[in-house]
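Here's upload.txt, which has compact mmCIF, C-alpha atoms and all ligand atoms:
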# COMPACT_ATOMS: atom_id res chain seq x y z
CA MET A 1 -21.04 95.00 -47.25
CA THR A 2 -23.89 96.74 -45.44
CA LYS A 3 -27.56 95.94 -45.81
CA THR A 4 -29.57 98.07 -48.19
CA VAL A 5 -32.14 100.55 -46.97
CA LYS A 6 -34.61 102.30 -49.25
CA ILE A 7 -35.32 105.93 -48.42
CA GLY A 8 -38.03 107.06 -50.80
CA ASN A 9 -36.49 106.74 -54.28
CA VAL A 10 -32.89 106.45 -52.99
CA THR A 11 -31.31 103.18 -51.89
CA ILE A 12 -28.30 103.34 -49.62
CA GLY A 13 -25.97 100.60 -48.41
CA GLY A 14 -25.07 97.35 -50.15
CA GLY A 15 -22.46 99.02 -52.33
CA ASN A 16 -24.79 101.69 -53.74
CA PRO A 17 -23.18 105.09 -54.39
CA VAL A 18 -22.73 107.15 -51.24
CA ALA A 19 -25.77 109.43 -50.98
CA ILE A 20 -25.37 113.11 -50.16
CA GLN A 21 -27.63 114.64 -47.55
CA SER A 22 -28.27 118.10 -46.25
CA MET A 23 -30.77 119.73 -43.95
CA THR A 24 -32.92 122.80 -44.44
CA ASN A 25 -32.12 125.48 -41.87
CA ILE A 26 -35.36 127.41 -41.59
CA PRO A 27 -38.66 126.44 -39.89
CA VAL A 28 -40.71 124.21 -42.20
CA LEU A 29 -43.76 126.25 -41.16
CA ASP A 30 -42.35 128.87 -43.51
CA THR A 31 -43.31 126.66 -46.41
CA ASP A 32 -42.39 129.08 -49.19
CA ALA A 33 -38.86 129.67 -47.92
CA THR A 34 -38.39 125.96 -47.23
CA ALA A 35 -39.66 125.12 -50.72
CA GLU A 36 -37.06 127.51 -52.13
CA GLN A 37 -34.28 125.77 -50.19
CA LEU A 38 -35.53 122.39 -51.36
CA LYS A 39 -35.35 123.63 -54.95
CA GLN A 40 -31.80 124.93 -54.44
CA LEU A 41 -30.69 121.68 -52.82
CA GLN A 42 -32.15 119.57 -55.59
CA LEU A 43 -30.44 121.75 -58.21
CA ALA A 44 -27.16 121.26 -56.33
CA ASP A 45 -27.69 117.48 -56.70
CA CYS A 46 -28.54 116.71 -53.11
CA ASP A 47 -29.87 113.14 -52.77
CA ILE A 48 -31.74 113.25 -49.48
CA VAL A 49 -32.98 116.20 -47.44
CA ARG A 50 -33.75 116.36 -43.74
CA VAL A 51 -36.04 118.82 -42.03
CA ALA A 52 -36.45 119.65 -38.35
CA VAL A 53 -39.81 118.67 -36.89
CA PRO A 54 -40.14 120.41 -33.52
CA ASP A 55 -43.95 120.30 -33.28
CA ILE A 56 -47.08 118.69 -34.71
CA GLU A 57 -47.75 121.57 -37.12
CA SER A 58 -44.28 121.06 -38.64
CA ALA A 59 -44.95 117.32 -39.01
CA LYS A 60 -48.16 118.11 -40.89
CA CYS A 61 -46.16 120.31 -43.32
CA ILE A 62 -44.20 117.35 -44.68
CA SER A 63 -46.87 116.23 -47.15
CA ARG A 64 -46.95 119.74 -48.65
CA LEU A 65 -43.15 120.03 -48.72
CA LYS A 66 -42.95 116.79 -50.66
CA THR A 67 -44.91 118.39 -53.50
CA PHE A 68 -41.93 120.72 -54.06
CA THR A 69 -39.22 118.09 -54.40
CA SER A 70 -38.53 114.56 -55.57
CA MET A 71 -35.77 114.17 -52.96
CA PRO A 72 -36.70 111.86 -50.09
CA VAL A 73 -37.62 113.94 -47.04
CA VAL A 74 -36.34 112.85 -43.63
CA ALA A 75 -38.03 114.08 -40.44
CA ASP A 76 -35.66 114.95 -37.63
CA ILE A 77 -37.32 114.15 -34.31
CA HIS A 78 -36.22 114.86 -30.78
CA TYR A 79 -37.99 113.38 -27.74
CA ASP A 80 -41.64 113.28 -28.80
CA TYR A 81 -42.67 110.01 -30.45
CA ARG A 82 -45.93 111.61 -31.62
CA LEU A 83 -43.93 113.86 -33.96
CA ALA A 84 -42.33 110.78 -35.52
CA ILE A 85 -45.71 109.17 -36.07
CA LYS A 86 -47.33 112.31 -37.46
CA SER A 87 -44.35 112.83 -39.81
CA MET A 88 -44.68 109.29 -41.17
CA GLU A 89 -48.44 109.72 -41.59
CA ASN A 90 -47.61 112.82 -43.62
CA GLY A 91 -45.24 111.05 -45.95
CA ALA A 92 -41.79 111.31 -44.34
CA ASP A 93 -39.47 108.95 -46.21
CA LYS A 94 -37.30 108.33 -43.16
CA ILE A 95 -37.22 109.51 -39.59
CA ARG A 96 -34.23 110.26 -37.42
CA ILE A 97 -34.62 109.58 -33.72
CA ASN A 98 -32.49 109.04 -30.66
CA PRO A 99 -34.20 106.09 -28.93
CA GLY A 100 -32.48 107.13 -25.70
CA ASN A 101 -34.98 109.97 -25.56
CA MET A 102 -38.04 107.70 -25.74
CA SER A 103 -39.72 105.22 -23.43
CA ALA A 104 -39.89 101.56 -24.51
CA ASP A 105 -43.62 101.91 -25.11
CA HIS A 106 -43.17 104.99 -27.30
CA LEU A 107 -40.33 103.37 -29.23
CA LYS A 108 -42.61 100.40 -29.98
CA LYS A 109 -45.29 102.77 -31.29
CA VAL A 110 -42.69 104.41 -33.57
CA ALA A 111 -41.39 101.04 -34.83
CA ASP A 112 -44.93 99.77 -35.49
CA CYS A 113 -45.81 102.93 -37.42
CA ALA A 114 -42.54 102.83 -39.40
CA ARG A 115 -43.15 99.19 -40.32
CA HIS A 116 -46.71 99.97 -41.37
CA HIS A 117 -45.57 102.83 -43.64
CA GLY A 118 -42.39 101.11 -44.86
CA VAL A 119 -40.30 103.97 -43.46
CA PRO A 120 -36.70 103.38 -42.33
CA VAL A 121 -35.46 104.80 -39.06
CA ARG A 122 -32.09 106.42 -38.48
CA ILE A 123 -30.91 105.78 -34.99
CA GLY A 124 -28.65 108.70 -34.20
CA VAL A 125 -26.50 109.35 -31.17
CA ASN A 126 -24.29 112.38 -30.69
CA GLY A 127 -21.17 112.98 -28.65
CA GLY A 128 -22.74 116.00 -27.02
CA SER A 129 -25.76 114.13 -25.73
CA VAL A 130 -24.43 110.65 -24.95
CA ASN A 131 -26.62 108.89 -22.42
CA ARG A 132 -25.24 109.37 -18.87
CA GLU A 133 -26.18 105.83 -17.91
CA PHE A 134 -23.80 104.49 -20.58
CA LEU A 135 -21.12 107.00 -19.67
CA ASN A 136 -21.24 105.86 -16.05
CA LYS A 137 -21.20 102.21 -17.04
CA TYR A 138 -18.32 102.34 -19.55
CA GLY A 139 -16.32 105.27 -18.23
CA ASP A 140 -15.08 106.61 -21.56
CA LYS A 141 -17.16 108.48 -24.06
CA ARG A 142 -16.17 106.55 -27.17
CA THR A 143 -17.22 103.23 -25.69
CA ALA A 144 -20.37 104.81 -24.26
CA LEU A 145 -21.33 106.14 -27.70
CA THR A 146 -20.67 102.81 -29.40
CA GLU A 147 -22.44 100.73 -26.78
CA SER A 148 -25.43 103.06 -26.51
CA LEU A 149 -25.94 102.99 -30.29
CA LEU A 150 -25.66 99.21 -30.44
CA HIS A 151 -28.00 98.90 -27.47
CA TYR A 152 -30.63 100.97 -29.29
CA VAL A 153 -30.15 98.78 -32.37
CA SER A 154 -30.85 95.69 -30.27
CA GLU A 155 -33.95 97.40 -28.82
CA MET A 156 -35.27 97.94 -32.34
CA GLU A 157 -34.38 94.39 -33.35
CA LYS A 158 -36.31 93.07 -30.32
CA LEU A 159 -39.29 94.86 -31.84
CA ALA A 160 -38.56 92.94 -35.07
CA PHE A 161 -37.62 96.20 -36.76
CA TYR A 162 -34.58 96.02 -39.03
CA ASP A 163 -35.06 98.87 -41.50
CA ILE A 164 -32.34 100.83 -39.79
CA VAL A 165 -29.65 103.39 -40.61
CA LEU A 166 -27.08 104.28 -37.98
CA SER A 167 -25.28 107.45 -37.12
CA VAL A 168 -22.87 108.34 -34.40
CA LYS A 169 -21.51 111.84 -34.62
CA SER A 170 -19.22 114.01 -32.59
CA SER A 171 -17.68 117.45 -32.97
CA ASP A 172 -14.38 115.70 -32.22
CA VAL A 173 -12.96 114.30 -35.47
CA ARG A 174 -10.90 111.51 -33.90
CA GLU A 175 -13.85 110.45 -31.78
CA THR A 176 -16.09 110.36 -34.87
CA ILE A 177 -13.60 108.15 -36.70
CA ALA A 178 -12.97 105.79 -33.77
CA VAL A 179 -16.62 105.28 -32.88
CA ASN A 180 -17.78 104.74 -36.46
CA ARG A 181 -15.01 102.19 -36.98
CA ALA A 182 -16.13 100.38 -33.84
CA VAL A 183 -19.79 100.41 -34.89
CA ALA A 184 -19.01 99.28 -38.45
CA SER A 185 -16.99 96.33 -37.14
CA ARG A 186 -19.96 95.08 -35.13
CA CYS A 187 -23.00 95.39 -37.37
CA ASP A 188 -23.95 95.68 -41.01
CA TYR A 189 -26.58 98.40 -41.07
CA PRO A 190 -25.83 101.34 -43.39
CA ILE A 191 -24.07 104.22 -41.70
CA HIS A 192 -24.73 107.93 -42.08
CA LEU A 193 -21.45 109.82 -41.62
CA GLY A 194 -20.76 113.33 -40.44
CA VAL A 195 -18.79 115.46 -38.04
CA THR A 196 -21.30 117.51 -36.12
CA GLU A 197 -21.04 121.11 -34.94
CA ALA A 198 -18.08 121.42 -37.30
CA GLY A 199 -18.28 125.20 -37.58
CA PRO A 200 -18.36 127.66 -40.49
CA ALA A 201 -17.41 126.63 -44.01
CA TYR A 202 -13.61 126.70 -43.99
CA GLN A 203 -13.09 124.89 -40.67
CA GLY A 204 -16.21 122.77 -41.07
CA ILE A 205 -15.21 121.46 -44.48
CA ILE A 206 -11.76 120.51 -43.23
CA LYS A 207 -13.08 118.77 -40.11
CA ASN A 208 -15.70 116.88 -42.10
CA SER A 209 -13.24 115.99 -44.84
CA VAL A 210 -10.82 114.50 -42.37
CA GLY A 211 -13.50 112.63 -40.41
CA ILE A 212 -15.75 111.50 -43.23
CA GLY A 213 -12.82 111.05 -45.61
CA ALA A 214 -10.91 108.71 -43.30
CA LEU A 215 -14.00 106.56 -42.83
CA LEU A 216 -14.98 106.47 -46.51
CA ALA A 217 -11.41 105.54 -47.39
CA ASP A 218 -11.82 102.62 -44.97
CA GLY A 219 -14.95 101.54 -46.83
CA ILE A 220 -17.23 102.77 -44.02
CA GLY A 221 -20.24 104.98 -44.72
CA ASP A 222 -23.24 104.86 -47.02
CA THR A 223 -24.54 108.41 -46.83
CA VAL A 224 -22.91 111.66 -45.71
CA ARG A 225 -23.80 115.07 -44.44
CA VAL A 226 -21.09 117.72 -44.26
CA SER A 227 -22.57 119.78 -41.42
CA LEU A 228 -21.66 123.46 -41.80
CA THR A 229 -22.73 126.72 -40.26
CA ALA A 230 -23.54 127.87 -43.77
CA HIS A 231 -26.21 127.63 -46.43
CA PRO A 232 -27.24 123.97 -46.94
CA VAL A 233 -26.20 124.11 -50.61
CA GLU A 234 -22.62 124.62 -49.39
CA GLU A 235 -22.93 121.32 -47.52
CA VAL A 236 -23.89 119.54 -50.73
CA ARG A 237 -21.06 121.14 -52.72
CA ALA A 238 -18.56 120.20 -50.04
CA ALA A 239 -19.86 116.63 -49.91
CA ARG A 240 -19.66 116.30 -53.69
CA THR A 241 -16.10 117.59 -53.73
CA LEU A 242 -15.18 115.24 -50.89
CA LEU A 243 -16.63 112.24 -52.70
CA ASN A 244 -14.89 113.29 -55.91
CA ALA A 245 -11.59 113.54 -54.06
CA LEU A 246 -11.99 109.89 -53.10
CA GLY A 247 -13.02 108.84 -56.59
CA MET A 248 -16.50 108.01 -55.24
CA GLY A 249 -18.42 110.93 -56.60
CA ARG A 250 -20.09 112.16 -59.69
CA GLY A 251 -19.58 115.44 -61.42
CA VAL A 252 -16.54 117.18 -62.79
CA THR A 253 -13.14 116.52 -61.25
CA PHE A 254 -11.37 119.87 -61.23
CA VAL A 255 -7.63 120.24 -60.74
CA SER A 256 -5.36 123.26 -60.78
CA CYS A 257 -1.68 123.46 -59.98
CA PRO A 258 -0.32 125.26 -56.92
CA LYS A 259 1.55 127.72 -59.18
CA CYS A 260 5.26 128.41 -59.04
CA GLY A 261 7.80 130.71 -60.67
CA ARG A 262 7.26 129.05 -64.06
CA CYS A 263 3.63 130.19 -64.21
CA GLY A 264 2.87 132.40 -67.21
CA ILE A 265 -0.73 133.47 -66.48
CA ASP A 266 -2.95 134.89 -63.73
CA LEU A 267 -3.59 131.35 -62.58
CA GLU A 268 -5.81 132.14 -59.61
CA LYS A 269 -8.18 134.13 -61.81
CA TYR A 270 -8.46 131.26 -64.32
CA ALA A 271 -8.72 128.55 -61.68
CA ARG A 272 -11.48 130.41 -59.81
CA ALA A 273 -13.44 131.17 -62.96
CA VAL A 274 -13.20 127.65 -64.41
CA TYR A 275 -14.00 126.06 -61.05
CA GLU A 276 -17.12 128.24 -60.73
CA TYR A 277 -18.11 127.24 -64.26
CA VAL A 278 -17.78 123.48 -63.74
CA LYS A 279 -18.55 122.93 -60.06
CA ASP A 280 -22.22 122.03 -60.53
CA ILE A 281 -21.88 120.21 -63.84
CA ASP A 282 -22.91 116.57 -63.57
CA ALA A 283 -20.41 115.00 -65.98
CA ASP A 284 -17.71 112.43 -65.31
CA VAL A 285 -14.80 114.43 -66.76
CA LYS A 286 -11.54 115.87 -65.48
CA ILE A 287 -10.74 119.52 -66.19
CA ALA A 288 -7.31 121.02 -65.50
CA VAL A 289 -6.04 124.58 -65.17
CA MET A 290 -2.23 124.64 -65.09
CA GLY A 291 0.26 127.45 -64.79
CA CYS A 292 2.73 126.45 -67.53
CA GLU A 293 2.97 124.27 -70.58
CA VAL A 294 6.39 122.88 -69.66
CA ASN A 295 5.17 120.75 -66.77
CA GLY A 296 1.44 121.36 -66.61
CA ILE A 297 0.42 119.35 -69.65
CA GLY A 298 2.47 116.32 -68.68
CA GLU A 299 1.34 116.49 -65.04
CA CYS A 300 -2.27 116.45 -66.16
CA SER A 301 -2.05 114.10 -69.09
CA ASP A 302 -5.09 112.25 -67.76
CA ALA A 303 -7.27 115.38 -67.99
CA ASP A 304 -10.09 115.28 -70.55
CA LEU A 305 -9.54 118.98 -71.11
CA GLY A 306 -7.00 121.41 -69.78
CA MET A 307 -5.48 124.84 -70.20
CA ALA A 308 -1.86 125.73 -69.56
CA GLY A 309 -0.30 129.19 -69.51
CA GLY A 310 2.41 130.50 -71.84
CA LYS A 311 3.67 133.98 -72.69
CA GLY A 312 0.51 135.93 -73.56
CA LYS A 313 -0.92 132.67 -74.87
CA VAL A 314 -2.82 129.76 -73.36
CA ALA A 315 -2.59 126.21 -74.68
CA PHE A 316 -5.65 123.96 -74.56
CA PHE A 317 -4.92 120.25 -74.28
CA LYS A 318 -6.71 116.94 -74.16
CA HIS A 319 -5.07 113.86 -72.66
CA GLY A 320 -1.63 115.44 -72.79
CA LYS A 321 -1.85 116.78 -76.36
CA VAL A 322 -2.20 120.46 -77.26
CA PHE A 323 -5.02 120.96 -79.75
CA ARG A 324 -5.36 124.72 -79.71
CA THR A 325 -3.39 127.80 -78.64
CA VAL A 326 -5.26 131.05 -78.04
CA ASP A 327 -4.50 134.62 -76.94
CA GLU A 328 -4.78 135.08 -73.21
CA ALA A 329 -7.44 137.76 -73.63
CA GLN A 330 -9.89 135.24 -75.13
CA ALA A 331 -8.74 132.18 -73.24
CA LEU A 332 -11.52 132.00 -70.68
CA GLN A 333 -14.43 132.39 -73.08
CA LEU A 334 -12.93 129.91 -75.53
CA PHE A 335 -12.17 127.44 -72.75
CA PHE A 336 -15.80 127.59 -71.57
CA PHE A 337 -16.79 126.85 -75.17
CA GLU A 338 -14.51 123.80 -75.17
CA ILE A 339 -15.99 122.63 -71.86
CA ASP A 340 -19.48 122.90 -73.33
CA ASN A 341 -18.32 120.89 -76.34
CA LEU A 342 -16.78 118.25 -74.11
CA ILE A 343 -19.90 117.68 -72.05
CA GLY A 344 -22.24 118.02 -74.99
CA LYS A 345 -23.92 121.16 -73.68
CA GLU A 346 -25.91 123.12 -76.27
S1 LIG A 401 2.24 123.40 -63.72
FE1 LIG A 401 3.96 124.77 -64.09
S2 LIG A 401 3.39 126.62 -62.97
FE2 LIG A 401 2.09 125.00 -62.17
S3 LIG A 401 3.21 124.26 -60.40
FE3 LIG A 401 3.74 122.92 -62.13
S4 LIG A 401 5.63 123.81 -62.91
FE4 LIG A 401 4.69 125.41 -61.61
Can you dump the structure from the file as structure tokens?
Ligand code: SF4
Amino acid sequence: MTKTVKIGNVTIGGGNPVAIQSMTNIPVLDTDATAEQLKQLQLADCDIVRVAVPDIESAKCISRLKTFTSMPVVADIHYDYRLAIKSMENGADKIRINPGNMSADHLKKVADCARHHGVPVRIGVNGGSVNREFLNKYGDKRTALTESLLHYVSEMEKLAFYDIVLSVKSSDVRETIAVNRAVASRCDYPIHLGVTEAGPAYQGIIKNSVGIGALLADGIGDTVRVSLTAHPVEEVRAARTLLNALGMGRGVTFVSCPKCGRCGIDLEKYARAVYEYVKDIDADVKIAVMGCEVNGIGECSDADLGMAGGKGKVAFFKHGKVFRTVDEAQALQLFFFEIDNLIGKE
């Protein structure tokens, strides 16, 4: 079990639910546009949001940004310790740094400020920027990543700073899995998981699902970001679906069959429409869309609500029992009505 770390109003580690993170993708100096993204992310049920802080003016924006959201705001800092300090002074709930980019003196200033403000620090190293000194010493990149991260942890501990979250990311899925396993076996700080530079949605979701999924299935990981070259809300949706797939999430579990020659309806149309209807609903229920009654109802007998195709008709079922049969023309509207009933929506 990892230690717990409190990031604003969200606690990660120690067996708490895995928190979903994303990152705004526009300059925070454009406060209105950033506020809009924060609103969208919060609506999508994002738990923690990170923003890039490339300069002092951006750090000063954090206090204003926090008026637009109740999500904890994490400041992403590269190189300049002053940006970390200014972000914390402006209310950042966590900062992300790579201590390899800071002198010992500057790291101490950051740790002192973080302790003073009660702000945790994510120590993040990436495959693309692994410290050359460690690469030369250990020869292979995986060991260099692991050892550099653990070295930075010990540097923070020497400063009596323990409010730490770890991350070690790579664009290589196997490397991400191997290094996180190695790190998790050697310390008990919470770990932020992700495959970085994963690409656009389709490829990125698959790479992240394999990397993050393997680790979560091992019991490793306390917070996740599915990095995508896409709108940040897509990252949150992908993360939710990934957590649901592992039985670790919240929200509707949606299933639909792959369709075969027994299918009696335009299954793709129904599956797409129902998925769109339920994907952002925060209710712990399972909804099924199946191609035929013959097998579909039995295969999804654990569904809280399902539809299965027949000849011009669609059967609605709950826990394996048909409770209503409707004409195909009205099936979708009536199924939405049943979903609303199920989740108690007015
Ligand atoms: S539920 Fe019916 S249509 Fe769908 S895959 Fe199974 S047998 Fe085929």
Point to revise | Which of A:Cys263, A:Ile7, A:Leu145, A:Val289 sits closest to ligand LIG 401 (chain A) [using all atoms listed in the file] | key: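 Between A:Cys263, A:Ile7, A:Leu145, A:Val289, the residue approaching ligand LIG 401 (chain A) most closely is A:Cys263.
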Practice item. Please provide as a ChimeraX atom specification all residues within 9 Å of A:Gly194, with the sequence filter that same-chain residues fewer than 4 positions apart are discarded (counting all atoms listed in the file). Key: /A:167-170,176,208,211-212,223-227
Review point. What would the list of residues within 7 Å of (-36.4, 110.0, -26.9) (file frame) look like as an NGL selection string, if only C-alpha atoms are what count?
Key: :A and (78-80 or 98-103)
Practice item. Write as JSON, numbers by chain the residues around ligand LIG 401 (chain A), taking 9 Å as the cut-off and counting all atoms listed in the file. Key: {"A": [256, 257, 258, 259, 260, 261, 262, 263, 264, 265, 267, 289, 290, 291, 292, 293, 294, 295, 296, 297, 298, 299, 300, 308, 309]}
Point to revise | Between atom CA of A:Ile95 and atom CA of A:Val74 - distance in Å to one decimal | key: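 Between atom CA of A:Val74 and atom CA of A:Ile95 the gap works out to 5.3 Å.
Of note, atom CA of A:Ala114 and atom CA of A:Met88 are spaced 7.0 Å apart.
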Incomplete stretch 244-261 of chain A brought to N, CA and C atoms, written out as a CSV table (one decimal), in the frame of the given file:
chain,number,residue,atom,x,y,z
A,244,ASN,N,-15.7,113.3,-54.7
A,244,ASN,CA,-14.9,113.3,-55.9
A,244,ASN,C,-13.4,113.1,-55.6
A,245,ALA,N,-13.0,113.7,-54.5
A,245,ALA,CA,-11.6,113.5,-54.1
A,245,ALA,C,-11.2,112.1,-53.8
A,246,LEU,N,-12.2,111.3,-53.4
A,246,LEU,CA,-12.0,109.9,-53.1
A,246,LEU,C,-12.3,109.0,-54.3
A,247,GLY,N,-12.7,109.6,-55.4
A,247,GLY,CA,-13.0,108.8,-56.6
A,247,GLY,C,-14.4,108.1,-56.4
A,248,MET,N,-15.2,108.7,-55.5
A,248,MET,CA,-16.5,108.0,-55.2
A,248,MET,C,-17.7,108.9,-55.7
A,249,GLY,N,-17.4,110.0,-56.3
A,249,GLY,CA,-18.4,110.9,-56.6
A,249,GLY,C,-18.9,110.9,-58.0
A,250,ARG,N,-19.7,111.9,-58.3
A,250,ARG,CA,-20.1,112.2,-59.7
A,250,ARG,C,-19.9,113.7,-59.9
A,251,GLY,N,-19.8,114.0,-61.2
A,251,GLY,CA,-19.6,115.4,-61.4
A,251,GLY,C,-18.1,115.6,-61.8
A,252,VAL,N,-17.9,116.9,-62.2
A,252,VAL,CA,-16.5,117.2,-62.8
A,252,VAL,C,-15.5,117.1,-61.7
A,253,THR,N,-14.3,116.5,-62.1
A,253,THR,CA,-13.1,116.5,-61.2
A,253,THR,C,-12.3,117.7,-61.7
A,254,PHE,N,-12.1,118.7,-60.8
A,254,PHE,CA,-11.4,119.9,-61.2
A,254,PHE,C,-10.0,119.9,-60.5
A,255,VAL,N,-9.0,120.1,-61.3
A,255,VAL,CA,-7.6,120.2,-60.7
A,255,VAL,C,-7.0,121.5,-61.2
A,256,SER,N,-6.2,122.1,-60.4
A,256,SER,CA,-5.4,123.3,-60.8
A,256,SER,C,-4.1,123.2,-60.0
A,257,CYS,N,-3.0,123.6,-60.6
A,257,CYS,CA,-1.7,123.5,-60.0
A,257,CYS,C,-1.5,124.5,-58.9
A,258,PRO,N,-0.5,124.3,-58.0
A,258,PRO,CA,-0.3,125.3,-56.9
A,258,PRO,C,0.4,126.5,-57.4
A,259,LYS,N,0.9,126.5,-58.6
A,259,LYS,CA,1.6,127.7,-59.2
A,259,LYS,C,3.0,127.8,-58.6
A,260,CYS,N,3.9,128.1,-59.5
A,260,CYS,CA,5.3,128.4,-59.0
A,260,CYS,C,5.9,129.5,-60.0
A,261,GLY,N,7.2,129.7,-59.9
A,261,GLY,CA,7.8,130.7,-60.7
A,261,GLY,C,7.7,130.5,-62.2
